[in-house]
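Shown here: query-v3.txt, compact mmCIF, N, CA and C atoms.
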# COMPACT_ATOMS: atom_id res chain seq x y z
N MET G 1 -0.97 12.14 15.86
CA MET G 1 -0.79 10.91 15.12
C MET G 1 -1.52 9.79 15.84
N LYS G 2 -2.12 8.91 15.05
CA LYS G 2 -2.75 7.70 15.55
C LYS G 2 -2.13 6.53 14.80
N TYR G 3 -1.92 5.40 15.48
CA TYR G 3 -1.35 4.25 14.78
C TYR G 3 -1.74 2.94 15.45
N SER G 4 -1.52 1.87 14.72
CA SER G 4 -1.68 0.51 15.24
C SER G 4 -0.70 -0.38 14.49
N GLU G 5 -0.47 -1.56 15.01
CA GLU G 5 0.43 -2.51 14.36
C GLU G 5 -0.37 -3.56 13.61
N ALA G 6 0.28 -4.15 12.62
CA ALA G 6 -0.32 -5.25 11.86
C ALA G 6 0.78 -6.24 11.50
N ARG G 7 0.37 -7.44 11.17
CA ARG G 7 1.29 -8.48 10.72
C ARG G 7 0.98 -8.76 9.25
N GLN G 8 2.02 -9.02 8.47
CA GLN G 8 1.85 -9.32 7.05
C GLN G 8 1.22 -10.69 6.87
N GLY G 9 0.22 -10.75 6.01
CA GLY G 9 -0.43 -12.01 5.69
C GLY G 9 -0.06 -12.47 4.30
N ARG G 10 -1.06 -12.95 3.58
CA ARG G 10 -0.84 -13.45 2.22
C ARG G 10 -0.44 -12.30 1.28
N VAL G 11 0.28 -12.66 0.24
CA VAL G 11 0.65 -11.70 -0.80
C VAL G 11 0.07 -12.23 -2.11
N PHE G 12 -0.65 -11.35 -2.83
CA PHE G 12 -1.29 -11.72 -4.09
C PHE G 12 -0.66 -10.95 -5.24
N VAL G 13 -0.41 -11.64 -6.33
CA VAL G 13 0.06 -11.04 -7.57
C VAL G 13 -1.15 -11.06 -8.51
N ILE G 14 -1.61 -9.87 -8.92
CA ILE G 14 -2.87 -9.73 -9.65
C ILE G 14 -2.62 -9.01 -10.97
N ARG G 15 -3.23 -9.49 -12.03
CA ARG G 15 -3.22 -8.77 -13.29
C ARG G 15 -4.65 -8.36 -13.62
N LEU G 16 -4.89 -7.06 -13.68
CA LEU G 16 -6.18 -6.55 -14.10
C LEU G 16 -6.20 -6.51 -15.62
N GLU G 17 -7.39 -6.68 -16.18
CA GLU G 17 -7.55 -6.79 -17.63
C GLU G 17 -8.09 -5.49 -18.23
N ASP G 18 -7.92 -5.36 -19.51
CA ASP G 18 -8.36 -4.20 -20.28
C ASP G 18 -9.83 -3.88 -19.99
N GLY G 19 -10.09 -2.62 -19.63
CA GLY G 19 -11.45 -2.15 -19.42
C GLY G 19 -11.98 -2.29 -18.01
N GLU G 20 -11.30 -3.04 -17.14
CA GLU G 20 -11.78 -3.19 -15.76
C GLU G 20 -11.63 -1.88 -14.99
N ILE G 21 -12.55 -1.62 -14.08
CA ILE G 21 -12.50 -0.43 -13.22
C ILE G 21 -11.76 -0.84 -11.95
N VAL G 22 -10.64 -0.20 -11.69
CA VAL G 22 -9.69 -0.66 -10.67
C VAL G 22 -10.33 -0.85 -9.31
N HIS G 23 -10.95 0.18 -8.74
CA HIS G 23 -11.43 0.04 -7.37
C HIS G 23 -12.55 -1.00 -7.26
N LYS G 24 -13.38 -1.13 -8.28
CA LYS G 24 -14.46 -2.12 -8.23
C LYS G 24 -13.91 -3.55 -8.24
N VAL G 25 -12.94 -3.80 -9.10
CA VAL G 25 -12.37 -5.14 -9.22
C VAL G 25 -11.60 -5.52 -7.95
N ILE G 26 -10.81 -4.60 -7.42
CA ILE G 26 -10.04 -4.89 -6.21
C ILE G 26 -10.96 -5.10 -5.01
N GLU G 27 -11.98 -4.25 -4.85
CA GLU G 27 -12.90 -4.42 -3.72
C GLU G 27 -13.66 -5.74 -3.82
N GLN G 28 -13.99 -6.20 -5.01
CA GLN G 28 -14.64 -7.50 -5.17
C GLN G 28 -13.64 -8.63 -4.89
N PHE G 29 -12.40 -8.47 -5.35
CA PHE G 29 -11.37 -9.48 -5.11
C PHE G 29 -11.17 -9.73 -3.62
N VAL G 30 -11.09 -8.66 -2.84
CA VAL G 30 -10.85 -8.85 -1.40
C VAL G 30 -12.06 -9.49 -0.72
N LYS G 31 -13.25 -9.19 -1.18
CA LYS G 31 -14.45 -9.87 -0.64
C LYS G 31 -14.36 -11.37 -0.95
N ASP G 32 -14.02 -11.70 -2.19
CA ASP G 32 -13.96 -13.10 -2.62
C ASP G 32 -12.88 -13.89 -1.89
N HIS G 33 -11.84 -13.22 -1.40
CA HIS G 33 -10.72 -13.90 -0.75
C HIS G 33 -10.66 -13.62 0.75
N ALA G 34 -11.74 -13.08 1.31
CA ALA G 34 -11.85 -12.83 2.75
C ALA G 34 -10.69 -12.00 3.29
N ILE G 35 -10.33 -10.95 2.56
CA ILE G 35 -9.28 -10.02 2.98
C ILE G 35 -9.95 -8.81 3.60
N GLN G 36 -9.57 -8.47 4.81
CA GLN G 36 -10.15 -7.33 5.51
C GLN G 36 -9.34 -6.05 5.34
N ARG G 37 -8.02 -6.19 5.36
CA ARG G 37 -7.12 -5.03 5.33
C ARG G 37 -5.92 -5.38 4.46
N ALA G 38 -5.42 -4.36 3.72
CA ALA G 38 -4.31 -4.64 2.80
C ALA G 38 -3.62 -3.35 2.39
N VAL G 39 -2.42 -3.52 1.86
CA VAL G 39 -1.68 -2.45 1.20
C VAL G 39 -1.36 -2.96 -0.20
N LEU G 40 -1.35 -2.05 -1.19
CA LEU G 40 -1.09 -2.51 -2.55
C LEU G 40 -0.31 -1.49 -3.36
N PHE G 41 0.35 -2.01 -4.39
CA PHE G 41 1.14 -1.22 -5.33
C PHE G 41 0.70 -1.60 -6.73
N ALA G 42 0.74 -0.64 -7.65
CA ALA G 42 0.27 -0.90 -9.01
C ALA G 42 1.18 -0.26 -10.04
N VAL G 43 1.30 -0.93 -11.19
CA VAL G 43 1.93 -0.37 -12.39
C VAL G 43 1.11 -0.83 -13.58
N GLY G 44 1.09 -0.02 -14.63
CA GLY G 44 0.37 -0.43 -15.82
C GLY G 44 -0.15 0.76 -16.59
N GLY G 45 -1.36 0.59 -17.15
CA GLY G 45 -1.95 1.64 -17.97
C GLY G 45 -3.35 2.00 -17.53
N ALA G 46 -3.67 3.29 -17.62
CA ALA G 46 -5.03 3.80 -17.38
C ALA G 46 -5.56 4.32 -18.71
N ASP G 47 -6.81 4.02 -18.99
CA ASP G 47 -7.39 4.31 -20.30
C ASP G 47 -7.98 5.71 -20.37
N LYS G 48 -8.15 6.16 -21.59
CA LYS G 48 -8.85 7.41 -21.89
C LYS G 48 -10.21 7.39 -21.18
N GLY G 49 -10.59 8.52 -20.59
CA GLY G 49 -11.86 8.62 -19.89
C GLY G 49 -11.79 8.27 -18.43
N SER G 50 -10.65 7.75 -17.96
CA SER G 50 -10.49 7.48 -16.53
C SER G 50 -10.58 8.80 -15.78
N ARG G 51 -11.21 8.76 -14.60
CA ARG G 51 -11.42 9.98 -13.82
C ARG G 51 -10.68 9.91 -12.48
N LEU G 52 -9.94 10.99 -12.19
CA LEU G 52 -9.19 11.09 -10.94
C LEU G 52 -9.69 12.28 -10.13
N VAL G 53 -9.66 12.14 -8.81
CA VAL G 53 -9.86 13.29 -7.93
C VAL G 53 -8.48 13.89 -7.71
N VAL G 54 -8.32 15.18 -8.06
CA VAL G 54 -7.00 15.81 -8.08
C VAL G 54 -6.85 16.90 -7.02
N GLY G 55 -7.71 16.91 -6.05
CA GLY G 55 -7.58 17.88 -4.96
C GLY G 55 -8.88 18.62 -4.70
N PRO G 56 -8.92 19.38 -3.62
CA PRO G 56 -10.09 20.20 -3.33
C PRO G 56 -10.01 21.51 -4.11
N GLU G 57 -11.17 22.10 -4.41
CA GLU G 57 -11.18 23.41 -5.08
C GLU G 57 -10.46 24.45 -4.23
N GLU G 58 -10.71 24.45 -2.95
CA GLU G 58 -10.02 25.33 -2.00
C GLU G 58 -9.50 24.47 -0.86
N SER G 59 -8.26 24.70 -0.44
CA SER G 59 -7.62 23.80 0.50
C SER G 59 -8.28 23.74 1.88
N ARG G 60 -8.95 24.77 2.32
CA ARG G 60 -9.55 24.77 3.67
C ARG G 60 -11.05 25.06 3.64
N SER G 61 -11.74 24.70 2.58
CA SER G 61 -13.18 24.96 2.49
C SER G 61 -13.96 23.87 3.21
N ASN G 62 -15.15 24.22 3.63
CA ASN G 62 -16.03 23.25 4.26
C ASN G 62 -17.44 23.54 3.79
N PRO G 63 -18.06 22.66 3.04
CA PRO G 63 -17.61 21.31 2.73
C PRO G 63 -16.50 21.30 1.68
N VAL G 64 -15.82 20.17 1.61
CA VAL G 64 -14.76 19.99 0.63
C VAL G 64 -15.40 19.73 -0.74
N ASN G 65 -15.01 20.52 -1.73
CA ASN G 65 -15.49 20.33 -3.10
C ASN G 65 -14.35 19.78 -3.94
N PRO G 66 -14.42 18.49 -4.29
CA PRO G 66 -13.31 17.88 -5.02
C PRO G 66 -13.23 18.34 -6.48
N MET G 67 -12.00 18.48 -6.96
CA MET G 67 -11.75 18.72 -8.38
C MET G 67 -11.48 17.36 -9.03
N THR G 68 -11.89 17.21 -10.27
CA THR G 68 -11.63 15.97 -10.98
C THR G 68 -10.92 16.26 -12.30
N ARG G 69 -10.25 15.27 -12.80
CA ARG G 69 -9.57 15.36 -14.09
C ARG G 69 -9.83 14.06 -14.84
N GLU G 70 -10.19 14.19 -16.10
CA GLU G 70 -10.40 13.02 -16.95
C GLU G 70 -9.20 12.86 -17.86
N LEU G 71 -8.68 11.64 -17.95
CA LEU G 71 -7.54 11.39 -18.83
C LEU G 71 -7.97 11.49 -20.29
N TYR G 72 -7.20 12.20 -21.09
CA TYR G 72 -7.53 12.47 -22.49
C TYR G 72 -7.10 11.34 -23.43
N ASP G 73 -6.28 10.42 -22.93
CA ASP G 73 -5.83 9.27 -23.71
C ASP G 73 -5.21 8.27 -22.74
N ALA G 74 -4.70 7.15 -23.26
CA ALA G 74 -4.05 6.16 -22.40
C ALA G 74 -2.81 6.77 -21.75
N HIS G 75 -2.59 6.44 -20.47
CA HIS G 75 -1.45 6.93 -19.70
C HIS G 75 -0.76 5.75 -19.00
N GLU G 76 0.54 5.85 -18.83
CA GLU G 76 1.30 4.93 -17.99
C GLU G 76 1.03 5.32 -16.54
N ILE G 77 0.93 4.34 -15.62
CA ILE G 77 0.65 4.67 -14.23
C ILE G 77 1.56 3.92 -13.26
N THR G 78 1.72 4.54 -12.10
CA THR G 78 2.26 3.86 -10.93
C THR G 78 1.47 4.39 -9.75
N GLY G 79 1.22 3.53 -8.77
CA GLY G 79 0.42 3.99 -7.65
C GLY G 79 0.51 3.06 -6.46
N SER G 80 -0.06 3.54 -5.36
CA SER G 80 -0.12 2.74 -4.14
C SER G 80 -1.40 3.09 -3.39
N GLY G 81 -1.77 2.18 -2.50
CA GLY G 81 -2.99 2.42 -1.75
C GLY G 81 -3.13 1.52 -0.55
N THR G 82 -4.20 1.78 0.19
CA THR G 82 -4.55 0.96 1.35
C THR G 82 -5.99 0.54 1.22
N LEU G 83 -6.33 -0.54 1.89
CA LEU G 83 -7.68 -1.04 1.89
C LEU G 83 -8.07 -1.40 3.31
N PHE G 84 -9.15 -0.78 3.80
CA PHE G 84 -9.68 -1.06 5.13
C PHE G 84 -11.20 -1.06 5.06
N PRO G 85 -11.86 -1.78 5.96
CA PRO G 85 -13.32 -1.80 5.94
C PRO G 85 -13.90 -0.51 6.52
N ASP G 86 -15.10 -0.15 6.04
CA ASP G 86 -15.80 0.98 6.65
C ASP G 86 -16.58 0.49 7.87
N ASP G 87 -17.40 1.36 8.45
CA ASP G 87 -18.13 1.00 9.67
C ASP G 87 -19.17 -0.09 9.45
N LYS G 88 -19.47 -0.42 8.18
CA LYS G 88 -20.42 -1.49 7.88
C LYS G 88 -19.70 -2.76 7.41
N GLY G 89 -18.37 -2.74 7.43
CA GLY G 89 -17.59 -3.90 7.02
C GLY G 89 -17.30 -3.97 5.54
N ASN G 90 -17.69 -2.95 4.77
CA ASN G 90 -17.42 -2.93 3.32
C ASN G 90 -15.97 -2.53 3.07
N PRO G 91 -15.27 -3.24 2.20
CA PRO G 91 -13.88 -2.87 1.89
C PRO G 91 -13.84 -1.57 1.10
N ILE G 92 -12.99 -0.64 1.54
CA ILE G 92 -12.85 0.65 0.86
C ILE G 92 -11.38 0.81 0.45
N LEU G 93 -11.15 0.86 -0.86
CA LEU G 93 -9.81 1.08 -1.39
C LEU G 93 -9.53 2.58 -1.49
N HIS G 94 -8.44 3.01 -0.90
CA HIS G 94 -7.97 4.40 -1.04
C HIS G 94 -6.63 4.31 -1.75
N MET G 95 -6.63 4.70 -3.02
CA MET G 95 -5.44 4.54 -3.85
C MET G 95 -5.21 5.79 -4.69
N HIS G 96 -3.96 6.21 -4.74
CA HIS G 96 -3.57 7.33 -5.60
C HIS G 96 -2.61 6.80 -6.65
N ILE G 97 -2.74 7.37 -7.85
CA ILE G 97 -1.83 6.98 -8.94
C ILE G 97 -1.30 8.23 -9.62
N ALA G 98 -0.10 8.11 -10.14
CA ALA G 98 0.48 9.13 -11.01
C ALA G 98 0.36 8.60 -12.43
N CYS G 99 -0.21 9.42 -13.30
CA CYS G 99 -0.48 9.03 -14.69
C CYS G 99 0.33 9.92 -15.62
N GLY G 100 1.13 9.32 -16.49
CA GLY G 100 1.95 10.10 -17.39
C GLY G 100 1.75 9.73 -18.84
N ARG G 101 1.82 10.75 -19.69
CA ARG G 101 1.80 10.57 -21.14
C ARG G 101 2.65 11.70 -21.72
N GLU G 102 3.68 11.31 -22.46
CA GLU G 102 4.64 12.28 -22.98
C GLU G 102 5.14 13.14 -21.81
N GLU G 103 5.04 14.47 -21.93
CA GLU G 103 5.56 15.33 -20.86
C GLU G 103 4.49 15.70 -19.83
N ASN G 104 3.29 15.13 -19.95
CA ASN G 104 2.19 15.48 -19.06
C ASN G 104 2.01 14.44 -17.96
N THR G 105 1.80 14.90 -16.73
CA THR G 105 1.54 14.00 -15.60
C THR G 105 0.41 14.57 -14.77
N VAL G 106 -0.47 13.68 -14.33
CA VAL G 106 -1.53 14.05 -13.39
C VAL G 106 -1.55 12.97 -12.30
N THR G 107 -1.73 13.41 -11.06
CA THR G 107 -1.76 12.49 -9.92
C THR G 107 -3.05 12.70 -9.17
N GLY G 108 -3.67 11.60 -8.75
CA GLY G 108 -4.90 11.74 -7.98
C GLY G 108 -5.44 10.42 -7.49
N CYS G 109 -6.58 10.51 -6.82
CA CYS G 109 -7.28 9.37 -6.24
C CYS G 109 -8.14 8.70 -7.31
N ILE G 110 -8.19 7.38 -7.30
CA ILE G 110 -8.87 6.62 -8.35
C ILE G 110 -10.37 6.44 -8.10
N ARG G 111 -10.90 6.92 -6.99
CA ARG G 111 -12.26 6.61 -6.54
C ARG G 111 -13.35 6.90 -7.58
N ASN G 112 -13.15 7.86 -8.46
CA ASN G 112 -14.19 8.21 -9.44
C ASN G 112 -14.19 7.31 -10.67
N GLY G 113 -13.26 6.37 -10.75
CA GLY G 113 -13.29 5.41 -11.84
C GLY G 113 -12.10 5.47 -12.77
N VAL G 114 -11.11 4.64 -12.50
CA VAL G 114 -9.96 4.49 -13.39
C VAL G 114 -10.11 3.17 -14.12
N LYS G 115 -10.10 3.25 -15.44
CA LYS G 115 -10.28 2.08 -16.29
C LYS G 115 -8.92 1.61 -16.79
N VAL G 116 -8.69 0.32 -16.68
CA VAL G 116 -7.42 -0.28 -17.11
C VAL G 116 -7.28 -0.17 -18.62
N TRP G 117 -6.10 0.28 -19.06
CA TRP G 117 -5.73 0.22 -20.48
C TRP G 117 -4.81 -0.98 -20.65
N GLN G 118 -5.28 -1.99 -21.33
CA GLN G 118 -4.58 -3.24 -21.63
C GLN G 118 -4.26 -4.07 -20.38
N VAL G 119 -3.46 -3.54 -19.48
CA VAL G 119 -3.05 -4.33 -18.31
C VAL G 119 -2.64 -3.42 -17.16
N MET G 120 -2.93 -3.88 -15.96
CA MET G 120 -2.41 -3.24 -14.75
C MET G 120 -2.00 -4.36 -13.80
N GLU G 121 -0.81 -4.25 -13.26
CA GLU G 121 -0.29 -5.26 -12.34
C GLU G 121 -0.39 -4.73 -10.92
N ILE G 122 -0.91 -5.57 -10.03
CA ILE G 122 -1.11 -5.19 -8.63
C ILE G 122 -0.41 -6.21 -7.76
N ILE G 123 0.33 -5.73 -6.78
CA ILE G 123 0.83 -6.59 -5.70
C ILE G 123 0.07 -6.17 -4.45
N LEU G 124 -0.71 -7.09 -3.90
CA LEU G 124 -1.56 -6.81 -2.75
C LEU G 124 -1.07 -7.64 -1.56
N THR G 125 -0.76 -6.96 -0.47
CA THR G 125 -0.30 -7.63 0.75
C THR G 125 -1.36 -7.48 1.82
N GLU G 126 -1.84 -8.61 2.28
CA GLU G 126 -2.85 -8.65 3.33
C GLU G 126 -2.24 -8.22 4.67
N LEU G 127 -3.00 -7.45 5.45
CA LEU G 127 -2.59 -7.05 6.80
C LEU G 127 -3.44 -7.79 7.82
N LEU G 128 -2.78 -8.45 8.76
CA LEU G 128 -3.46 -9.27 9.77
C LEU G 128 -3.27 -8.69 11.16
N GLU G 129 -4.06 -9.21 12.10
CA GLU G 129 -3.97 -8.83 13.51
C GLU G 129 -4.06 -7.32 13.69
N ASN G 130 -5.06 -6.73 13.02
CA ASN G 130 -5.28 -5.29 13.07
C ASN G 130 -6.78 -5.04 12.98
N GLN G 131 -7.25 -4.01 13.65
CA GLN G 131 -8.68 -3.70 13.68
C GLN G 131 -9.00 -2.33 13.08
N ALA G 132 -8.08 -1.73 12.35
CA ALA G 132 -8.30 -0.40 11.76
C ALA G 132 -9.51 -0.42 10.84
N THR G 133 -10.25 0.69 10.84
CA THR G 133 -11.42 0.85 9.97
C THR G 133 -11.44 2.27 9.40
N ARG G 134 -12.31 2.47 8.44
CA ARG G 134 -12.56 3.81 7.91
C ARG G 134 -13.89 4.28 8.51
N GLN G 135 -13.84 5.43 9.18
CA GLN G 135 -15.02 5.98 9.84
C GLN G 135 -15.38 7.33 9.22
N TYR G 136 -16.66 7.56 9.05
CA TYR G 136 -17.13 8.82 8.47
C TYR G 136 -16.77 9.98 9.39
N ASP G 137 -16.21 11.03 8.80
CA ASP G 137 -15.86 12.26 9.52
C ASP G 137 -16.74 13.38 8.99
N ALA G 138 -17.64 13.88 9.83
CA ALA G 138 -18.60 14.90 9.40
C ALA G 138 -17.92 16.20 8.98
N ASN G 139 -16.77 16.52 9.57
CA ASN G 139 -16.08 17.76 9.25
C ASN G 139 -15.56 17.78 7.81
N THR G 140 -15.01 16.67 7.35
CA THR G 140 -14.44 16.62 6.00
C THR G 140 -15.37 15.94 4.99
N GLY G 141 -16.26 15.09 5.47
CA GLY G 141 -17.08 14.30 4.58
C GLY G 141 -16.37 13.05 4.08
N PHE G 142 -15.18 12.77 4.61
CA PHE G 142 -14.38 11.61 4.20
C PHE G 142 -14.60 10.46 5.16
N LYS G 143 -14.31 9.24 4.68
CA LYS G 143 -14.23 8.09 5.57
C LYS G 143 -12.75 7.97 5.93
N LEU G 144 -12.41 8.46 7.13
CA LEU G 144 -11.00 8.53 7.54
C LEU G 144 -10.55 7.24 8.22
N LEU G 145 -9.28 6.92 8.05
CA LEU G 145 -8.69 5.76 8.69
C LEU G 145 -8.61 5.97 10.18
N GLU G 146 -9.15 5.04 10.94
CA GLU G 146 -9.03 5.03 12.40
C GLU G 146 -8.22 3.80 12.77
N PRO G 147 -6.91 4.02 13.04
CA PRO G 147 -6.04 2.86 13.29
C PRO G 147 -6.39 2.13 14.57

Kindly present the structure from the file in structure tokens form.
Amino acid sequence: MKYSEARQGRVFVIRLEDGEIVHKVIEQFVKDHAIQRAVLFAVGGADKGSRLVVGPEESRSNPVNPMTRELYDAHEITGSGTLFPDDKGNPILHMHIACGREENTVTGCIRNGVKVWQVMEIILTELLENQATRQYDANTGFKLLEP
């Protein structure tokens, strides 16, 4: 285990609008508000055609080949994530959401493009006094959190 401490900073209440791509809008928002690190929670809707990463094809393969799932219609969502800069200072949102419609549920990472259906509400809490970053890991191909 690796860890570091942080102090809570500003808290933002955000409403995303119909058609916005979640990770793009949030990463631009944090740039515009000089936020380096954050934790966030979301509720709302994801639109038809949104794409989620739903796991690797094989759990211990190298390289990792991600599986994706496209939503077939609008889904209700709840999710959480973290935001830390990469080695170049770019904000990288890592967020997973659970998407439900009727009796069907799919859970995954939003990185491939989740589009807001009507509205999505985000509570974003800034993390201060912390130097954690996301660093490229050649073994997995991921930008892993280095606390």

>> When you count all atoms listed in the file, which of these residues is closest to Pro85 (chain G): G:Val22, G:Gln135, G:Gln8, G:Pro147?
In response: G:Gln135

>> I'd like to know which residues of region 33-100 of chain G are strand (DSSP E or B) (by DSSP, run on the backbone); could you write them as a VMD selection string?
In response: chain G and resid 38 to 46 51 to 56 66 to 70 75 to 86 91 to 100

> With all atoms listed in the file as the basis for distance, which of G:Ala46, G:Ile14, G:Val39, G:Ile21 is at the shortest distance from Asp73 (chain G)?
Replying inline: G:Ala46

Just the residues within 8 Å of Cys109 (chain G), please, counting only C-alpha atoms, with nothing from its chain fewer than 3 positions along; format it as a short mmCIF file (atom, residue, chain, number, x, y, z; two decimals) with N, CA and C atoms, keeping the file's coordinate frame.
data_model
loop_
_atom_site.label_atom_id
_atom_site.label_comp_id
_atom_site.auth_asym_id
_atom_site.auth_seq_id
_atom_site.Cartn_x
_atom_site.Cartn_y
_atom_site.Cartn_z
N LEU G 52 -9.94 10.99 -12.19
CA LEU G 52 -9.19 11.09 -10.94
C LEU G 52 -9.69 12.28 -10.13
N VAL G 53 -9.66 12.14 -8.81
CA VAL G 53 -9.86 13.29 -7.93
C VAL G 53 -8.48 13.89 -7.71
N VAL G 54 -8.32 15.18 -8.06
CA VAL G 54 -7.00 15.81 -8.08
C VAL G 54 -6.85 16.90 -7.02
N HIS G 94 -8.44 3.01 -0.90
CA HIS G 94 -7.97 4.40 -1.04
C HIS G 94 -6.63 4.31 -1.75
N MET G 95 -6.63 4.70 -3.02
CA MET G 95 -5.44 4.54 -3.85
C MET G 95 -5.21 5.79 -4.69
N HIS G 96 -3.96 6.21 -4.74
CA HIS G 96 -3.57 7.33 -5.60
C HIS G 96 -2.61 6.80 -6.65
N ILE G 97 -2.74 7.37 -7.85
CA ILE G 97 -1.83 6.98 -8.94
C ILE G 97 -1.30 8.23 -9.62
N ASN G 112 -13.15 7.86 -8.46
CA ASN G 112 -14.19 8.21 -9.44
C ASN G 112 -14.19 7.31 -10.67
#

> Mind checking DSSP for chain G and telling me the alpha helix (DSSP H) residues as a VMD selection string?
Replying inline: chain G and resid 22 to 32

Using only N, CA and C atoms, which residues of region 44-87 of chain G come within 7 Å of region 115-128 of chain G, and what is the closest atom pair for each, with the distance in Å to one decimal? Give it as a tab-separated table, sorted by chain and residue number.
residue	atom	partner	partner_atom	distance
G:Gly44	CA	G:Met120	CA	4.1
G:Gly45	C	G:Trp117	N	3.6
G:Ala46	CA	G:Trp117	N	4.0
G:Asp47	N	G:Trp117	N	3.8
G:Lys48	N	G:Trp117	CA	6.5
G:Gly49	C	G:Lys115	N	6.1
G:Ser50	CA	G:Lys115	N	4.4
G:Arg51	N	G:Lys115	N	5.7
G:Ala74	CA	G:Trp117	CA	6.5
G:His75	N	G:Trp117	CA	7.0

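With distances taken over all atoms listed in the file, G:Thr82 is the one residue among G:Asn104, G:Thr82, G:Arg111, G:Glu146 lying closest to Arg37 (chain G).
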
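Take the candidates G:Val11, G:Leu83, G:Val43, G:Ala98 and check each one against Arg134 (chain G) using all atoms listed in the file; the shortest distance goes to G:Leu83.
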
>> Counting only N, CA and C atoms, I want the residues whose atoms come within 6 Å of (-16.0, 22.3, -3.1) in the file frame, returned as an NGL selection string.
In response: :G and (57-58 or 63-66)

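Note that atom N of His23 (chain G) and atom N of Ser4 (chain G) are 25.3 Å apart.
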
> Any idea what's packed within 8 Å of Pro91 (chain G), counting all atoms listed in the file, ignoring anything in its chain fewer than 4 positions away? Could you give it as a ChimeraX atom specification?
Replying inline: /G:26-28,30-31,35-37,83-86

The centre and edge lengths of an axis-aligned box containing all atoms of region 75-85 of chain G present in the file, extended by 4 Å on each side, are to be given in Å to one decimal, as AutoDock Vina command-line options.
--center_x -5.8 --center_y 2.6 --center_z -7.0 --size_x 24.2 --size_y 16.7 --size_z 35.0

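Between atom C of Phe41 (chain G) and atom C of Gly79 (chain G) there is a distance of 4.7 Å.
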